[in-house]
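Asks: Below is the file start_32.cif, with mmCIF, C-alpha atoms.
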data_protein
loop_
_atom_site.label_atom_id
_atom_site.label_comp_id
_atom_site.auth_asym_id
_atom_site.auth_seq_id
_atom_site.Cartn_x
_atom_site.Cartn_y
_atom_site.Cartn_z
CA MET A 1 7.47 9.91 -4.13
CA ASN A 2 9.46 6.97 -5.50
CA ILE A 3 8.26 3.43 -6.18
CA LYS A 4 10.01 2.02 -3.11
CA SER A 5 8.18 4.38 -0.77
CA ILE A 6 4.85 3.36 -2.30
CA PHE A 7 5.25 -0.32 -1.55
CA PHE A 8 7.54 -0.28 1.49
CA PRO A 9 7.14 2.10 4.46
CA THR A 10 10.28 4.01 5.43
CA ASP A 11 9.35 4.63 9.08
CA PHE A 12 7.06 3.42 11.84
CA THR A 13 4.26 5.92 12.09
CA CYS A 14 0.50 5.71 12.49
CA ASP A 15 -1.02 5.03 9.08
CA VAL A 16 -3.97 7.30 9.91
CA CYS A 17 -2.44 10.40 11.57
CA GLY A 18 1.33 9.97 11.05
CA VAL A 19 2.57 10.12 14.66
CA GLU A 20 5.35 7.76 15.74
CA THR A 21 3.99 4.41 16.85
CA PHE A 22 7.00 2.14 17.46
CA LYS A 23 6.25 -0.51 14.85
CA SER A 24 2.46 -0.41 15.16
CA ASN A 25 0.19 0.54 12.27
CA LEU A 26 -2.14 2.61 14.44
CA CYS A 27 -1.54 4.91 17.40
CA ALA A 28 -3.70 4.55 20.52
CA ASP A 29 -5.97 7.45 19.55
CA CYS A 30 -6.53 6.31 15.97
CA LYS A 31 -7.29 2.75 17.06
CA LYS A 32 -10.42 4.22 18.65
CA THR A 33 -11.54 5.51 15.24
CA VAL A 34 -11.21 2.13 13.51
CA GLU A 35 -13.98 -0.45 13.90
CA PHE A 36 -13.12 -4.06 13.17
CA ASN A 37 -15.90 -6.12 11.63
CA ASN A 38 -15.83 -8.80 14.32
CA GLY A 39 -19.38 -8.54 15.62
CA ILE A 40 -22.76 -9.51 14.18
CA THR A 41 -22.76 -9.62 10.38
CA CYS A 42 -25.10 -10.60 7.58
CA PRO A 43 -24.23 -14.20 6.59
CA LEU A 44 -24.40 -13.26 2.90
CA CYS A 45 -22.94 -9.77 2.36
CA GLY A 46 -20.82 -9.84 5.53
CA ARG A 47 -21.74 -6.30 6.54
CA LYS A 48 -22.21 -5.30 10.18
CA THR A 49 -25.81 -5.68 11.33
CA VAL A 50 -27.68 -5.60 14.63
CA ILE A 51 -29.53 -8.91 14.16
CA PRO A 52 -27.74 -12.24 13.42
CA GLU A 53 -29.65 -13.01 10.23
CA ILE A 54 -29.69 -12.13 6.54
CA CYS A 55 -30.10 -8.36 6.18
CA LEU A 56 -33.21 -6.97 4.50
CA GLU A 57 -31.25 -5.80 1.45
CA CYS A 58 -29.96 -9.31 0.81
CA LYS A 59 -33.43 -10.75 1.36
CA ALA A 60 -34.89 -8.32 -1.17
CA SER A 61 -32.07 -8.74 -3.68
CA PRO A 62 -29.64 -11.56 -2.83
CA PRO A 63 -26.06 -11.03 -4.03
CA LEU A 64 -24.81 -13.28 -6.79
CA PHE A 65 -21.69 -14.18 -4.78
CA ARG A 66 -22.30 -16.81 -2.11
CA LYS A 67 -20.69 -15.08 0.86
CA ALA A 68 -18.58 -12.01 1.65
CA VAL A 69 -16.16 -11.18 4.47
CA SER A 70 -14.42 -7.96 5.46
CA ALA A 71 -11.92 -6.81 8.09
CA PHE A 72 -13.28 -3.33 8.90
CA VAL A 73 -16.57 -1.52 9.14
CA TYR A 74 -16.12 1.31 6.63
CA GLY A 75 -15.87 4.78 8.14
CA GLY A 76 -13.66 6.88 10.39
CA GLY A 77 -10.08 5.62 10.51
CA SER A 78 -10.69 2.73 8.11
CA GLN A 79 -11.97 5.16 5.48
CA ILE A 80 -8.74 7.16 5.79
CA LEU A 81 -6.64 4.00 5.56
CA ILE A 82 -8.38 2.86 2.38
CA TYR A 83 -8.10 6.31 0.82
CA LYS A 84 -4.35 6.23 1.50
CA PHE A 85 -4.10 2.69 0.14
CA LYS A 86 -5.65 3.84 -3.13
CA ASN A 87 -3.53 6.97 -3.35
CA GLY A 88 0.17 6.22 -3.07
CA ASN A 89 0.43 4.02 0.01
CA GLY A 90 0.44 0.57 -1.53
CA TYR A 91 2.48 -0.83 1.35
CA LEU A 92 -0.76 -0.99 3.38
CA LYS A 93 -1.47 -4.20 1.49
CA GLU A 94 0.54 -6.07 4.13
CA TYR A 95 -1.44 -4.69 7.07
CA PHE A 96 -4.74 -5.33 5.33
CA ALA A 97 -3.72 -8.84 4.25
CA ASN A 98 -2.76 -9.73 7.84
CA LEU A 99 -6.27 -8.75 8.98
CA LEU A 100 -8.17 -10.25 6.05
CA ALA A 101 -6.40 -13.63 5.81
CA PRO A 102 -8.15 -15.05 8.93
CA LYS A 103 -11.47 -13.90 7.50
CA ILE A 104 -10.80 -15.79 4.27
CA SER A 105 -10.20 -18.93 6.31
CA GLU A 106 -13.91 -18.72 7.22
CA LEU A 107 -14.84 -19.24 3.55
CA PRO A 108 -14.92 -22.61 1.77
CA LYS A 109 -11.60 -23.53 0.17
CA ALA A 110 -11.17 -21.68 -3.12
CA ASP A 111 -9.03 -22.39 -6.17
CA TYR A 112 -8.04 -18.80 -6.98
CA LEU A 113 -7.95 -15.25 -5.73
CA ILE A 114 -8.55 -12.47 -8.25
CA GLY A 115 -8.42 -8.69 -7.92
CA VAL A 116 -10.90 -6.23 -9.40
CA PRO A 117 -9.30 -5.09 -12.67
CA MET A 118 -8.58 -1.49 -13.68
CA LEU A 119 -8.18 0.08 -17.09
CA ARG A 120 -4.52 0.22 -18.09
CA ARG A 121 -4.57 4.01 -18.19
CA ASP A 122 -5.97 4.19 -14.65
CA LYS A 123 -3.42 1.71 -13.34
CA THR A 124 -0.64 3.69 -15.00
CA ARG A 125 -1.93 6.93 -13.49
CA ARG A 126 -2.16 5.47 -9.98
CA GLY A 127 0.98 3.38 -10.28
CA TYR A 128 -0.67 0.15 -9.20
CA ASN A 129 -3.97 -1.68 -8.81
CA GLN A 130 -4.74 -1.82 -5.07
CA SER A 131 -7.00 -4.88 -5.41
CA GLU A 132 -4.26 -6.73 -7.25
CA LEU A 133 -1.66 -5.84 -4.60
CA LEU A 134 -3.94 -7.05 -1.83
CA ALA A 135 -4.84 -10.28 -3.64
CA LYS A 136 -1.15 -11.11 -4.13
CA SER A 137 -0.39 -10.47 -0.46
CA LEU A 138 -3.34 -12.61 0.57
CA SER A 139 -2.15 -15.38 -1.71
CA LYS A 140 1.13 -15.57 0.20
CA ARG A 141 -0.69 -15.82 3.52
CA THR A 142 -3.49 -18.20 2.55
CA GLY A 143 -1.77 -20.41 -0.01
CA ILE A 144 -4.59 -19.76 -2.48
CA PRO A 145 -3.06 -18.99 -5.90
CA TYR A 146 -3.51 -15.52 -7.34
CA LEU A 147 -4.86 -15.70 -10.90
CA ASN A 148 -3.44 -12.79 -12.88
CA GLY A 149 -5.29 -11.33 -15.85
CA ALA A 150 -8.37 -13.52 -15.46
CA ILE A 151 -10.69 -10.57 -15.98
CA LYS A 152 -10.16 -7.40 -17.96
CA LYS A 153 -11.92 -4.07 -17.52
CA VAL A 154 -12.97 -2.91 -20.97
CA TRP A 155 -14.64 0.42 -20.28
CA VAL A 156 -15.44 2.85 -17.48
CA ALA A 157 -18.98 3.00 -16.14
CA GLU A 158 -20.64 6.29 -15.30
CA GLN A 159 -20.21 7.72 -11.81
CA GLN A 160 -21.99 5.39 -9.40
CA LYS A 161 -22.48 7.56 -6.30
CA ALA A 162 -25.88 9.01 -7.22
CA LEU A 163 -27.30 5.71 -8.51
CA SER A 164 -29.49 3.16 -6.75
CA ARG A 165 -28.35 -0.45 -6.37
CA ALA A 166 -30.41 -1.53 -9.39
CA GLN A 167 -29.11 1.38 -11.46
CA ARG A 168 -25.52 0.57 -10.50
CA ALA A 169 -26.00 -3.04 -11.58
CA GLU A 170 -27.34 -1.96 -14.96
CA ASN A 171 -24.62 0.65 -15.31
CA LEU A 172 -21.85 -1.94 -14.83
CA LYS A 173 -23.08 -4.53 -17.33
CA GLY A 174 -20.43 -5.21 -19.94
CA CYS A 175 -17.78 -3.31 -17.98
CA PHE A 176 -15.67 -6.46 -17.44
CA LYS A 177 -14.64 -9.35 -19.66
CA VAL A 178 -13.31 -12.80 -18.75
CA GLU A 179 -9.95 -13.25 -20.48
CA LYS A 180 -9.13 -16.81 -19.37
CA PRO A 181 -12.38 -18.83 -19.27
CA GLN A 182 -10.45 -22.10 -19.50
CA LEU A 183 -8.90 -21.33 -16.10
CA ILE A 184 -12.18 -20.21 -14.55
CA CYS A 185 -14.41 -23.11 -15.59
CA GLY A 186 -15.13 -25.50 -12.71
CA LYS A 187 -13.27 -23.38 -10.14
CA LYS A 188 -14.16 -21.62 -6.90
CA ILE A 189 -13.07 -17.98 -6.96
CA ILE A 190 -12.59 -15.31 -4.30
CA ILE A 191 -12.83 -11.72 -5.56
CA VAL A 192 -10.61 -9.33 -3.59
CA ASP A 193 -11.43 -5.61 -3.36
CA ASP A 194 -11.03 -2.63 -1.04
CA VAL A 195 -14.63 -1.72 -0.09
CA LEU A 196 -18.07 -3.32 -0.33
CA THR A 197 -20.82 -0.71 -0.61
CA THR A 198 -23.88 -1.87 -2.58
CA GLY A 199 -22.13 -4.93 -4.02
CA ALA A 200 -22.88 -3.96 -7.63
CA THR A 201 -19.28 -4.35 -8.81
CA ALA A 202 -18.86 -7.70 -7.07
CA ASP A 203 -22.16 -8.91 -8.51
CA GLU A 204 -21.16 -7.99 -12.06
CA LEU A 205 -17.82 -9.77 -11.66
CA THR A 206 -19.61 -12.77 -10.17
CA ARG A 207 -22.09 -12.82 -13.04
CA ILE A 208 -19.44 -13.07 -15.71
CA LEU A 209 -17.37 -15.57 -13.71
CA ILE A 210 -20.40 -17.85 -13.38
CA LEU A 211 -21.13 -17.46 -17.10
CA ALA A 212 -17.51 -18.55 -17.70
CA GLY A 213 -18.15 -21.70 -15.67
CA ALA A 214 -17.07 -20.83 -12.12
CA THR A 215 -18.83 -23.12 -9.65
CA ASP A 216 -18.78 -20.68 -6.72
CA VAL A 217 -17.74 -17.08 -6.12
CA PHE A 218 -16.97 -15.36 -2.82
CA LEU A 219 -15.90 -11.84 -1.90
CA ALA A 220 -13.24 -10.54 0.49
CA THR A 221 -12.85 -6.80 1.10
CA VAL A 222 -10.82 -4.66 3.43
CA ALA A 223 -13.99 -2.92 4.64
CA SER A 224 -17.73 -3.00 4.15
CA VAL A 225 -20.39 -0.36 4.72
CA GLU A 226 -22.55 -1.10 7.75
CA TYR A 227 -26.10 -2.22 7.04
CA LYS A 228 -28.48 0.10 8.85
CA ILE A 229 -32.14 -0.72 9.25
CA LYS A 230 -34.25 1.99 7.68
CA THR A 231 -37.11 3.14 9.85
CA ALA A 232 -40.28 4.75 8.56
CA ARG A 233 -40.66 8.48 9.11
CA LYS A 234 -43.31 9.49 11.62
#
Could you render the structure as structure tokens?
Replies:
Amino acid sequence: MNIKSIFFPTDFTCDVCGVETFKSNLCADCKKTVEFNNGITCPLCGRKTVIPEICLECKASPPLFRKAVSAFVYGGGSQILIYKFKNGNGYLKEYFANLLAPKISELPKADYLIGVPMLRRDKTRRGYNQSELLAKSLSKRTGIPYLNGAIKKVWVAEQQKALSRAQRAENLKGCFKVEKPQLICGKKIIIVDDVLTTGATADELTRILILAGATDVFLATVASVEYKIKTARK
């Protein structure tokens, strides 16, 4: 696979299953597997909910960012799309940016977009930082400047999958460092990422941005995990 094929598609096929689609990103069958996050959402974390109010997780532990938006509900076809985006199909940034730009217009006007940073070795291994690609594409569509190198990732946290939300937050402390505080101070920032799960990464980035003087921080992701009300076992 060459660099051109990573960032620019060479044919018009479904980005989920690969069948010919005649200039559409998704075939008719795969469209049924992708859920757009256009229904009821939590006004803070932006995840799909069944009740139009702040979800119980945000009530119990409010996110540090003021508001989040996302284009997809994570799962099914959107999960496949994001996996491909992170693994050699960087050109999906354009499709995702087209869907996410209208969502960003729902947020208060921001001064900068920033992507979630990666270690240099990880970026070299992958060939690109998917959050950075998406943030740059969104910048072109929204007119909000992309701030490059504002935050640096300084070390890798332990695997997060088996950890609770509180454990993830503790695990990520010190993982990132603000490199350009003079550009952050007094500004409103939108963090751009691929998926919102527990929000631990976004919260840690928000924490250090606020410490650097940011006045407000928002989050925009391609997808977010649906909030599901937990019921007591009988």
Asks: Please evaluate the PyMOL selection byres ((chain A and resi 40-48) around 8) against the displayed coordinates and give the resulting residues as a list of chain:residue names.
Replies: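 That selection, the PyMOL selection byres ((chain A and resi 40-48) around 8), comes back as A:Asn37, A:Asn38, A:Gly39, A:Thr49, A:Val50, A:Ile51, A:Pro52, A:Glu53, A:Ile54, A:Cys55, A:Cys58, A:Pro62, A:Pro63, A:Arg66, A:Lys67, A:Ala68, A:Val69, A:Ser70, A:Val73, A:Ser224, A:Val225, A:Glu226, A:Tyr227.
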Asks: For Asp194 of chain A, which residue among A:Lys153, A:Ile82, A:Asn87, A:Ile210 is the nearest when counting only C-alpha atoms?
Replies: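 Looking only at the distances to Asp194 of chain A, the closest residue turns out to be A:Ile82.
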Asks: Quick one: of A:Gly127, A:Gly18, A:Pro117, A:Gly149, who's nearest to Lys180 of chain A, counting all atoms listed in the file?
Replies: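 Looking at the shortest contact to Lys180 of chain A, the residue is A:Gly149.
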Asks: Specify as a short mmCIF file (atom, residue, chain, number, x, y, z; two decimals) with C-alpha atoms, in the frame of the given file each residue included when the PyMOL selection byres ((chain A and resi 150) around 7) is applied to this file.
Replies:
data_model
loop_
_atom_site.label_atom_id
_atom_site.label_comp_id
_atom_site.auth_asym_id
_atom_site.auth_seq_id
_atom_site.Cartn_x
_atom_site.Cartn_y
_atom_site.Cartn_z
CA LEU A 147 -4.86 -15.70 -10.90
CA ASN A 148 -3.44 -12.79 -12.88
CA GLY A 149 -5.29 -11.33 -15.85
CA ILE A 151 -10.69 -10.57 -15.98
CA LYS A 152 -10.16 -7.40 -17.96
CA VAL A 178 -13.31 -12.80 -18.75
CA GLU A 179 -9.95 -13.25 -20.48
CA LYS A 180 -9.13 -16.81 -19.37
#
Asks: What's around segment 119-123 of chain A at 10 Å? Count only C-alpha atoms, leave out sequence neighbours fewer than 6 positions away in its own chain, and write the answer as a list in words.
Replies: Asn129, Gln130, Lys152, Lys153, Val154, Trp155, Val156 and Phe176 of chain A
Asks: Could you please take those selected residues and save C-alpha atoms as a compact mmCIF listing (two decimals), in the coordinates of the input?
Replies:
# COMPACT_ATOMS: atom_id res chain seq x y z
CA ASN A 129 -3.97 -1.68 -8.81
CA GLN A 130 -4.74 -1.82 -5.07
CA LYS A 152 -10.16 -7.40 -17.96
CA LYS A 153 -11.92 -4.07 -17.52
CA VAL A 154 -12.97 -2.91 -20.97
CA TRP A 155 -14.64 0.42 -20.28
CA VAL A 156 -15.44 2.85 -17.48
CA PHE A 176 -15.67 -6.46 -17.44
Asks: Give me the result of the PyMOL selection byres ((chain A and resi 133-144) around 12) on this file, residue by residue, as an MDAnalysis selection string.
Replies: chainID A and resid 6:7 82 85:86 89:117 123 127:132 145:148 188:194 219:222
Asks: Counting all atoms listed in the file, which residues come within 9 Å of (-13.1, -27.0, -10.9), with the point read in the file's coordinates, and could you list them as a list in words?
Replies: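 Protein, DNA and RNA residues close to (-13.1, -27.0, -10.9): Asp111, Leu183, Ile184, Cys185, Gly186, Lys187, Lys188, Gly213, Ala214 and Thr215 of chain A.
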